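Chemist: Got a structure for you, protein-v2.pdb, holding PDB, C-alpha atoms.
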ATOM      1  CA  MET A   1      15.311 -14.655   4.295
ATOM      2  CA  ASP A   2      13.517 -17.741   5.622
ATOM      3  CA  GLU A   3      10.181 -19.546   5.617
ATOM      4  CA  LYS A   4       8.709 -16.887   7.919
ATOM      5  CA  ASP A   5       9.621 -14.196   5.372
ATOM      6  CA  LEU A   6       8.075 -16.283   2.605
ATOM      7  CA  GLY A   7       4.848 -16.674   4.597
ATOM      8  CA  ALA A   8       4.714 -12.915   5.176
ATOM      9  CA  LEU A   9       5.358 -12.219   1.486
ATOM     10  CA  ILE A  10       2.616 -14.651   0.383
ATOM     11  CA  ARG A  11       0.086 -13.214   2.867
ATOM     12  CA  TRP A  12       0.937  -9.698   1.693
ATOM     13  CA  ALA A  13       0.641 -10.691  -1.975
ATOM     14  CA  GLU A  14      -2.708 -12.372  -1.229
ATOM     15  CA  SER A  15      -3.991  -9.124   0.282
ATOM     16  CA  GLN A  16      -3.066  -7.167  -2.876
ATOM     17  CA  TRP A  17      -3.018  -9.703  -5.707
ATOM     18  CA  ASP A  18      -4.294 -13.198  -6.468
ATOM     19  CA  VAL A  19      -2.162 -16.124  -5.266
ATOM     20  CA  ARG A  20      -3.128 -19.681  -6.164
ATOM     21  CA  ILE A  21      -1.587 -23.000  -5.205
ATOM     22  CA  ASP A  22      -1.523 -25.404  -8.138
ATOM     23  CA  ALA A  23      -1.655 -29.199  -8.120
ATOM     24  CA  SER A  24       2.162 -29.431  -7.951
ATOM     25  CA  GLY A  25       2.280 -27.231  -4.868
ATOM     26  CA  TYR A  26       3.584 -24.140  -6.665
ATOM     27  CA  SER A  27       2.354 -20.776  -5.376
ATOM     28  CA  ARG A  28       1.374 -18.835  -8.490
ATOM     29  CA  PHE A  29       1.188 -15.052  -8.393
ATOM     30  CA  TYR A  30      -1.198 -12.967 -10.539
ATOM     31  CA  ASP A  31      -1.280  -9.159 -10.664
ATOM     32  CA  PRO A  32      -4.546  -7.198 -10.085
ATOM     33  CA  GLU A  33      -5.412  -7.489 -13.807
ATOM     34  CA  GLY A  34      -5.168 -11.277 -13.535
ATOM     35  CA  ASN A  35      -1.854 -11.539 -15.419
ATOM     36  CA  TYR A  36       0.482 -14.343 -14.378
ATOM     37  CA  VAL A  37       3.794 -13.006 -12.998
ATOM     38  CA  ALA A  38       5.795 -15.745 -11.279
ATOM     39  CA  ARG A  39       5.644 -18.953  -9.282
ATOM     40  CA  TYR A  40       7.358 -20.368  -6.201
ATOM     41  CA  PRO A  41       7.868 -24.110  -5.723
ATOM     42  CA  ALA A  42       6.592 -25.999  -2.694
ATOM     43  CA  THR A  43      10.039 -27.364  -1.879
ATOM     44  CA  PRO A  44      12.736 -25.296  -3.612
ATOM     45  CA  GLY A  45      16.292 -26.604  -3.570
ATOM     46  CA  ARG A  46      18.039 -23.351  -2.657
ATOM     47  CA  SER A  47      15.164 -21.412  -1.201
ATOM     48  CA  TRP A  48      17.092 -18.185  -0.556
ATOM     49  CA  ARG A  49      17.701 -17.708  -4.289
ATOM     50  CA  ARG A  50      14.107 -18.496  -5.175
ATOM     51  CA  MET A  51      12.931 -15.985  -2.576
ATOM     52  CA  ILE A  52      15.201 -13.260  -3.914
ATOM     53  CA  GLU A  53      14.021 -13.871  -7.465
ATOM     54  CA  LEU A  54      10.382 -13.988  -6.361
ATOM     55  CA  GLN A  55      10.784 -10.666  -4.571
ATOM     56  CA  GLN A  56      12.410  -9.118  -7.626
ATOM     57  CA  ALA A  57       9.740 -10.479  -9.962
ATOM     58  CA  LEU A  58       6.860  -9.229  -7.818
ATOM     59  CA  LYS A  59       8.539  -5.876  -7.311
ATOM     60  CA  ARG A  60       9.159  -5.383 -11.040
ATOM     61  CA  ALA A  61       5.516  -6.240 -11.709
ATOM     62  CA  GLY A  62       4.358  -3.534  -9.298
ATOM     63  CA  LEU A  63       3.836  -5.153  -5.890
ATOM     64  CA  GLN A  64       5.262  -3.243  -2.956
ATOM     65  CA  VAL A  65       8.106  -5.446  -1.701
ATOM     66  CA  PRO A  66       9.209  -6.142   0.966
ATOM     67  CA  PRO A  67       5.805  -6.192   2.653
ATOM     68  CA  PRO A  68       5.231  -3.466   5.223
ATOM     69  CA  SER A  69       5.539  -4.534   8.849
ATOM     70  CA  LYS A  70       2.328  -5.208  10.820
ATOM     71  CA  ARG A  71       2.844  -1.840  12.524
ATOM     72  CA  GLU A  72       3.105  -0.072   9.144
ATOM     73  CA  GLN A  73       0.027  -1.907   7.859
ATOM     74  CA  ARG A  74      -1.948  -0.795  10.932
ATOM     75  CA  ALA A  75      -0.758   2.795  10.371
ATOM     76  CA  GLN A  76      -1.827   2.598   6.713
ATOM     77  CA  ARG A  77      -5.267   1.363   7.750
ATOM     78  CA  ARG A  78      -5.537   4.256  10.225
ATOM     79  CA  LYS A  79      -4.567   6.720   7.482
ATOM     80  CA  GLY A  80      -7.214   5.209   5.258
ATOM     81  CA  ALA A  81      -9.848   5.650   7.950
ATOM     82  CA  GLU A  82      -9.007   9.349   8.499
TER      83      GLU A  82
ATOM     84  CA  MET B   1      31.556 -28.869   0.173
ATOM     85  CA  MET B   2      31.761 -25.133  -0.318
ATOM     86  CA  ASP B   3      28.744 -23.088   0.772
ATOM     87  CA  GLU B   4      27.202 -21.745  -2.426
ATOM     88  CA  ARG B   5      26.361 -18.488  -0.658
ATOM     89  CA  THR B   6      30.062 -17.808  -0.207
ATOM     90  CA  SER B   7      31.210 -18.947  -3.651
ATOM     91  CA  GLU B   8      31.154 -16.504  -6.579
ATOM     92  CA  HIS B   9      27.799 -16.894  -8.257
ATOM     93  CA  TRP B  10      26.158 -14.443 -10.601
ATOM     94  CA  SER B  11      22.491 -13.753 -11.059
ATOM     95  CA  VAL B  12      22.251 -13.517 -14.861
ATOM     96  CA  THR B  13      18.986 -12.120 -16.202
ATOM     97  CA  PHE B  14      18.001 -12.394 -19.864
ATOM     98  CA  THR B  15      15.123 -10.081 -20.796
ATOM     99  CA  TYR B  16      12.894 -10.758 -23.819
ATOM    100  CA  ASP B  17      10.414  -8.488 -25.567
ATOM    101  CA  ALA B  18       7.563 -10.954 -25.294
ATOM    102  CA  ALA B  19       4.280 -11.594 -23.517
ATOM    103  CA  PRO B  20       3.584 -15.314 -23.855
ATOM    104  CA  ASP B  21       0.782 -17.081 -22.038
ATOM    105  CA  GLU B  22       1.205 -18.712 -18.651
ATOM    106  CA  ALA B  23       1.546 -22.218 -20.075
ATOM    107  CA  THR B  24       4.481 -21.147 -22.275
ATOM    108  CA  LEU B  25       6.268 -19.558 -19.324
ATOM    109  CA  GLN B  26       5.739 -22.719 -17.333
ATOM    110  CA  THR B  27       7.132 -24.837 -20.183
ATOM    111  CA  VAL B  28      10.317 -22.738 -20.297
ATOM    112  CA  GLU B  29      10.754 -22.815 -16.527
ATOM    113  CA  THR B  30      10.155 -26.557 -16.330
ATOM    114  CA  ALA B  31      12.637 -27.220 -19.164
ATOM    115  CA  LEU B  32      15.304 -25.137 -17.412
ATOM    116  CA  ASP B  33      14.530 -26.672 -14.006
ATOM    117  CA  GLU B  34      15.944 -29.913 -15.365
ATOM    118  CA  SER B  35      19.401 -28.347 -15.522
ATOM    119  CA  SER B  36      21.279 -28.197 -12.219
ATOM    120  CA  THR B  37      21.088 -24.387 -12.322
ATOM    121  CA  ASP B  38      18.723 -22.307 -10.185
ATOM    122  CA  VAL B  39      16.230 -20.748 -12.591
ATOM    123  CA  SER B  40      13.375 -18.266 -12.324
ATOM    124  CA  VAL B  41      11.111 -17.191 -15.161
ATOM    125  CA  ALA B  42       8.910 -14.146 -14.591
ATOM    126  CA  ALA B  43       6.570 -11.958 -16.616
ATOM    127  CA  LEU B  44       6.326  -8.176 -16.503
ATOM    128  CA  PRO B  45       2.856  -7.933 -18.033
ATOM    129  CA  ARG B  46       2.623  -4.136 -18.122
ATOM    130  CA  GLU B  47       5.983  -3.864 -19.878
ATOM    131  CA  HIS B  48       5.504  -6.739 -22.337
ATOM    132  CA  ARG B  49       8.661  -8.384 -21.015
ATOM    133  CA  VAL B  50       9.779 -11.795 -19.788
ATOM    134  CA  THR B  51      12.861 -12.324 -17.654
ATOM    135  CA  VAL B  52      14.789 -15.574 -17.330
ATOM    136  CA  THR B  53      17.219 -15.517 -14.415
ATOM    137  CA  LEU B  54      19.937 -18.126 -13.914
ATOM    138  CA  TYR B  55      22.403 -18.442 -11.035
ATOM    139  CA  LEU B  56      25.777 -19.308 -12.515
ATOM    140  CA  PRO B  57      29.288 -19.635 -11.133
ATOM    141  CA  GLY B  58      32.148 -17.850 -12.837
ATOM    142  CA  PRO B  59      35.213 -15.693 -12.347
ATOM    143  CA  ASP B  60      33.499 -12.615 -13.821
ATOM    144  CA  PRO B  61      30.095 -11.490 -15.154
ATOM    145  CA  ALA B  62      31.053 -11.903 -18.824
ATOM    146  CA  ASP B  63      31.936 -15.541 -18.198
ATOM    147  CA  ALA B  64      28.616 -16.112 -16.395
ATOM    148  CA  ILE B  65      26.664 -14.504 -19.253
ATOM    149  CA  GLU B  66      28.395 -16.774 -21.763
ATOM    150  CA  SER B  67      27.524 -19.835 -19.640
ATOM    151  CA  GLY B  68      23.925 -18.648 -19.525
ATOM    152  CA  ARG B  69      23.751 -18.154 -23.280
ATOM    153  CA  LYS B  70      25.008 -21.703 -23.818
ATOM    154  CA  LEU B  71      22.488 -23.106 -21.365
ATOM    155  CA  LEU B  72      19.583 -21.206 -22.921
ATOM    156  CA  SER B  73      20.544 -22.094 -26.482
ATOM    157  CA  GLY B  74      19.281 -25.607 -25.776
ATOM    158  CA  ILE B  75      15.682 -24.393 -25.517
ATOM    159  CA  ASN B  76      15.781 -21.500 -28.036
ATOM    160  CA  PRO B  77      13.876 -19.073 -25.769
ATOM    161  CA  GLU B  78      13.372 -16.385 -28.443
ATOM    162  CA  ALA B  79      11.358 -18.817 -30.556
ATOM    163  CA  VAL B  80       9.478 -20.345 -27.615
ATOM    164  CA  LEU B  81       8.667 -17.026 -25.920
ATOM    165  CA  GLY B  82       7.912 -15.296 -29.216
ATOM    166  CA  GLY B  83      10.178 -12.260 -28.883
ATOM    167  CA  PRO B  84      13.790 -11.125 -29.187
ATOM    168  CA  LEU B  85      16.386 -10.925 -26.456
ATOM    169  CA  ILE B  86      16.715  -7.219 -25.559
ATOM    170  CA  ALA B  87      18.926  -7.141 -22.448
ATOM    171  CA  VAL B  88      21.332  -9.241 -20.411
ATOM    172  CA  GLU B  89      22.506  -8.313 -16.932
ATOM    173  CA  ALA B  90      24.853 -10.180 -14.594
ATOM    174  CA  ILE B  91      24.807  -9.171 -10.941
ATOM    175  CA  ALA B  92      26.879 -10.582  -8.090
ATOM    176  CA  GLU B  93      24.616 -12.703  -5.889
ATOM    177  CA  ALA B  94      25.174 -10.513  -2.833
ATOM    178  CA  GLU B  95      24.240  -7.413  -4.834
ATOM    179  CA  GLN B  96      21.090  -9.110  -6.140
ATOM    180  CA  GLU B  97      20.129  -9.932  -2.543
ATOM    181  CA  ARG B  98      20.706  -6.303  -1.514
ATOM    182  CA  ARG B  99      18.574  -5.020  -4.406
ATOM    183  CA  ALA B 100      15.751  -7.416  -3.573
ATOM    184  CA  ALA B 101      15.624  -6.057  -0.032
ATOM    185  CA  GLN B 102      15.288  -2.434  -1.188
ATOM    186  CA  PRO B 103      11.744  -1.171  -0.553
ATOM    187  CA  THR B 104       9.615  -0.297  -3.564
ATOM    188  CA  LEU B 105       7.981   2.676  -1.936
ATOM    189  CA  PRO B 106       9.436   5.244   0.433
ATOM    190  CA  GLU B 107       7.788   5.510   3.844
ATOM    191  CA  LEU B 108       4.689   7.651   3.324
ATOM    192  CA  VAL B 109       3.343  10.019   5.962
ATOM    193  CA  GLY B 110       0.154  12.100   6.142
ATOM    194  CA  ALA B 111      -0.412  15.479   7.764
ATOM    195  CA  SER B 112      -0.925  13.974  11.249
ATOM    196  CA  GLU B 113       2.387  12.114  11.153
ATOM    197  CA  VAL B 114       4.154  15.164   9.703
ATOM    198  CA  GLY B 115       2.760  17.194  12.618
ATOM    199  CA  GLN B 116       4.132  14.628  15.081
ATOM    200  CA  MET B 117       7.522  14.640  13.365
ATOM    201  CA  LEU B 118       7.757  18.443  13.476
ATOM    202  CA  GLY B 119       6.089  18.891  16.854
ATOM    203  CA  VAL B 120       3.295  21.057  15.435
ATOM    204  CA  SER B 121      -0.429  20.710  14.916
ATOM    205  CA  ARG B 122      -1.958  19.282  11.775
ATOM    206  CA  GLN B 123      -3.321  22.748  10.942
ATOM    207  CA  ARG B 124       0.190  24.185  11.239
ATOM    208  CA  VAL B 125       1.407  21.554   8.782
ATOM    209  CA  HIS B 126      -0.977  22.948   6.184
ATOM    210  CA  GLN B 127       0.310  26.474   6.918
ATOM    211  CA  LEU B 128       3.870  25.245   6.526
ATOM    212  CA  ARG B 129       3.053  24.042   3.035
ATOM    213  CA  GLU B 130       3.260  27.722   2.021
ATOM    214  CA  HIS B 131       6.906  27.686   3.150
ATOM    215  CA  ASP B 132       9.231  27.727   0.107
ATOM    216  CA  THR B 133      11.376  24.869   1.371
ATOM    217  CA  PHE B 134       8.566  22.607   2.592
ATOM    218  CA  PRO B 135       8.593  19.399   0.521
ATOM    219  CA  ALA B 136       5.875  18.906  -2.071
ATOM    220  CA  PRO B 137       3.737  15.834  -1.353
ATOM    221  CA  LEU B 138       4.394  12.726  -3.403
ATOM    222  CA  VAL B 139       0.679  12.216  -3.966
ATOM    223  CA  GLU B 140      -2.599  13.978  -3.160
ATOM    224  CA  VAL B 141      -5.512  11.686  -2.424
ATOM    225  CA  ALA B 142      -9.045  12.427  -1.217
ATOM    226  CA  MET B 143      -7.980  12.144   2.427
ATOM    227  CA  GLY B 144      -5.128  14.583   1.880
ATOM    228  CA  PRO B 145      -1.489  14.824   0.857
ATOM    229  CA  LEU B 146       1.126  12.116   1.502
ATOM    230  CA  TRP B 147       4.802  12.928   1.853
ATOM    231  CA  ASP B 148       8.047  10.977   1.715
ATOM    232  CA  ALA B 149       9.047  10.713   5.388
ATOM    233  CA  ARG B 150      12.710  11.266   4.502
ATOM    234  CA  ALA B 151      11.885  14.609   2.840
ATOM    235  CA  ILE B 152      10.057  15.725   5.983
ATOM    236  CA  GLU B 153      13.010  14.635   8.141
ATOM    237  CA  ALA B 154      15.354  16.671   5.919
ATOM    238  CA  PHE B 155      13.038  19.669   6.198
ATOM    239  CA  ALA B 156      12.930  19.302   9.990
ATOM    240  CA  ARG B 157      16.732  19.327  10.177
ATOM    241  CA  ALA B 158      17.022  22.516   8.119
ATOM    242  CA  TRP B 159      13.936  24.318   9.444
ATOM    243  CA  SER B 160      14.807  27.387  11.517
ATOM    244  CA  ARG B 161      11.716  27.608  13.668
ATOM    245  CA  ARG B 162      11.018  31.020  15.195
ATOM    246  CA  PRO B 163       8.488  31.358  18.028
ATOM    247  CA  GLY B 164       5.475  33.625  17.663
ATOM    248  CA  ARG B 165       3.742  34.949  14.628
ATOM    249  CA  PRO B 166       5.812  35.643  11.549
ATOM    250  CA  PRO B 167       6.537  39.371  11.067
ATOM    251  CA  LEU B 168       4.140  41.241   8.859
ATOM    252  CA  ALA B 169       5.467  42.258   5.495
ATOM    253  CA  VAL B 170       6.028  46.019   5.393
ATOM    254  CA  ALA B 171       4.947  47.791   2.255
ATOM    255  CA  GLN B 172       7.772  49.835   0.695
TER     256      GLN B 172
END
When written as structure tokens, how does the structure in this file appear?
Modeler:
Amino acid sequence: MDEKDLGALIRWAESQWDVRIDASGYSRFYDPEGNYVARYPATPGRSWRRMIELQQALKRAGLQVPPPSKREQRAQRRKGAE
Amino acid sequence: MMDERTSEHWSVTFTYDAAPDEATLQTVETALDESSTDVSVAALPREHRVTVTLYLPGPDPADAIESGRKLLSGINPEAVLGGPLIAVEAIAEAEQERRAAQPTLPELVGASEVGQMLGVSRQRVHQLREHDTFPAPLVEVAMGPLWDARAIEAFARAWSRRPGRPPLAVAQ
């Protein structure tokens, strides 16, 4: 898991949920009902652990994690258009 | 210095029956951030739960849980969060990483993809649904049924396809 994975996870969460960056640089994740779920620091010390915990938190709160690949997302859009 | 990924760390999760506001969760997380331990605080709004996860070294999970309890006692999370502790789980870090990577949903496929997987037309897929061993869809939405791709793959492996029309049933 690296910064690229984090970027993909944040973009995916933004497409499904609400993600806000606060004044301290934390990414804050809210479910579709607007409930706060978890946050991710701008510069975490041991980022791999933070990423794992973020994934688990978002998953437990109902977000599909890990995000589907771009190919899967295109396929889902095609299915939706059928 | 030893790589912390290779040392024995445990992901210890304390679960509380509570649904505090965002500011309270932030207060708890900030207070715990000041320790040298990796901490994550998360809400499960639909389940009225809060989880506090700490990464702790230790020879076994019981030892890590005890370390976690001592660390948390300094902030009295039950009082701050407004609910009792209802579960504690210690998981080896590698196992926690494996669990995090597990997908939430199975791969879903519609009738077109099922047809491609089985080498038949979409119409034939709908006929095959009458087959006793054909998997039931996971969900039915307005655009049609969606199946678990693994169930279709299992069906394809076991399906004894016979060419031509199926024989007519003969009345006894």
Chemist: May I have the residues of chain B within 8 Å of chain A, counting all atoms listed in the file, written as a PDB file with C-alpha atoms, in the frame of the given file?
Modeler:
ATOM      1  CA  GLU B  22       1.205 -18.712 -18.651  1.00  0.00           C
ATOM      2  CA  ASP B  38      18.723 -22.307 -10.185  1.00  0.00           C
ATOM      3  CA  SER B  40      13.375 -18.266 -12.324  1.00  0.00           C
ATOM      4  CA  VAL B  41      11.111 -17.191 -15.161  1.00  0.00           C
ATOM      5  CA  ALA B  42       8.910 -14.146 -14.591  1.00  0.00           C
ATOM      6  CA  ALA B  43       6.570 -11.958 -16.616  1.00  0.00           C
ATOM      7  CA  LEU B  44       6.326  -8.176 -16.503  1.00  0.00           C
ATOM      8  CA  PRO B  45       2.856  -7.933 -18.033  1.00  0.00           C
ATOM      9  CA  ARG B  46       2.623  -4.136 -18.122  1.00  0.00           C
ATOM     10  CA  THR B  53      17.219 -15.517 -14.415  1.00  0.00           C
ATOM     11  CA  GLN B  96      21.090  -9.110  -6.140  1.00  0.00           C
ATOM     12  CA  GLU B  97      20.129  -9.932  -2.543  1.00  0.00           C
ATOM     13  CA  ALA B 100      15.751  -7.416  -3.573  1.00  0.00           C
ATOM     14  CA  ALA B 101      15.624  -6.057  -0.032  1.00  0.00           C
ATOM     15  CA  GLN B 102      15.288  -2.434  -1.188  1.00  0.00           C
ATOM     16  CA  PRO B 103      11.744  -1.171  -0.553  1.00  0.00           C
ATOM     17  CA  THR B 104       9.615  -0.297  -3.564  1.00  0.00           C
ATOM     18  CA  LEU B 105       7.981   2.676  -1.936  1.00  0.00           C
ATOM     19  CA  GLY B 110       0.154  12.100   6.142  1.00  0.00           C
ATOM     20  CA  MET B 143      -7.980  12.144   2.427  1.00  0.00           C
TER      21      MET B 143
END
Chemist: Can you turn the PyMOL selection byres ((chain B and resi 153) around 12) into a concrete residue list for this file, as a list in words?
Modeler: Glu107, Leu108, Val109, Glu113, Val114, Gly115, Gln116, Met117, Leu118, Gly119, Phe134, Pro135, Trp147, Asp148, Ala149, Arg150, Ala151, Ile152, Ala154, Phe155, Ala156, Arg157, Ala158 and Trp159 of chain B
Chemist: Running the PyMOL selection byres ((chain A and resi 24) around 12) on this model by hand, what would come out? Give it as a list in words.
Modeler: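 Taken over the shown coordinates, the PyMOL selection byres ((chain A and resi 24) around 12) returns Arg20, Ile21, Asp22, Ala23, Gly25, Tyr26, Ser27, Arg28, Arg39, Tyr40, Pro41, Ala42 and Thr43 of chain A; Thr30 of chain B.
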Chemist: Expanded to explicit residues, what is the PyMOL selection byres ((chain B and resi 65) around 8) for this file, as a list in words?
Modeler: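 Written out, the selection comes to Val12, Pro61, Ala62, Asp63, Ala64, Glu66, Ser67, Gly68, Arg69, Val88, Glu89 and Ala90 of chain B.
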Chemist: Give me the residues within 9 Å of Ala19 of chain B as a PyMOL selection string, counting only C-alpha atoms and dropping any in the same chain fewer than 3 places off.
Modeler: chain B and resi 16+43-45+47-50+81-83
Chemist: What separation in Å, quoted to one decimal, exists between atom CA of Val52 of chain B and atom CA of Arg98 of chain B?
Modeler: 19.3 Å
Chemist: Just the number, please: distance in Å from atom CA of Pro57 of chain B to atom CA of Ala31 of chain B, one decimal.
Modeler: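 Pair atom CA of Pro57 of chain B / atom CA of Ala31 of chain B returns 20.0 Å.
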Chemist: Find the residues with any atom within 9 Å of (3.9, -11.8, 5.0); use only C-alpha atoms and the coordinates as given in the file, and write the answer as an mmCIF file with C-alpha atoms, in the coordinates of the input.
Modeler:
data_model
loop_
_atom_site.group_PDB
_atom_site.id
_atom_site.type_symbol
_atom_site.label_atom_id
_atom_site.label_comp_id
_atom_site.auth_asym_id
_atom_site.auth_seq_id
_atom_site.Cartn_x
_atom_site.Cartn_y
_atom_site.Cartn_z
ATOM 1 C CA LYS A 4 8.709 -16.887 7.919
ATOM 2 C CA ASP A 5 9.621 -14.196 5.372
ATOM 3 C CA LEU A 6 8.075 -16.283 2.605
ATOM 4 C CA GLY A 7 4.848 -16.674 4.597
ATOM 5 C CA ALA A 8 4.714 -12.915 5.176
ATOM 6 C CA LEU A 9 5.358 -12.219 1.486
ATOM 7 C CA ILE A 10 2.616 -14.651 0.383
ATOM 8 C CA ARG A 11 0.086 -13.214 2.867
ATOM 9 C CA TRP A 12 0.937 -9.698 1.693
ATOM 10 C CA ALA A 13 0.641 -10.691 -1.975
ATOM 11 C CA PRO A 66 9.209 -6.142 0.966
ATOM 12 C CA PRO A 67 5.805 -6.192 2.653
ATOM 13 C CA PRO A 68 5.231 -3.466 5.223
ATOM 14 C CA SER A 69 5.539 -4.534 8.849
ATOM 15 C CA LYS A 70 2.328 -5.208 10.820
#
Chemist: So the first atom is atom CA of Leu71 of chain B and the second is atom CA of Glu95 of chain B; what is the distance between them in Å, to one decimal place?
Modeler: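 Distance between the two atoms: 22.9 Å.
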Chemist: Taking all atoms of segment 21-27 of chain A that the file lists and extending 5 Å past them on each side, where is the centre of the axis-aligned box and how long are its edges? Answer in Å to one decimal, as lines of an AutoDock Vina configuration file.
Modeler:
center_x = 1.0
center_y = -25.1
center_z = -6.5
size_x = 15.2
size_y = 18.7
size_z = 13.3
Chemist: In terms of the shortest atom-to-atom distance over all atoms listed in the file, which of B:Glu130, B:Glu34, B:Glu8, B:Asp17 is closest to Pro84 of chain B?
Modeler: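 Ranking B:Glu130, B:Glu34, B:Glu8, B:Asp17 by distance to Pro84 of chain B, first place goes to B:Asp17.
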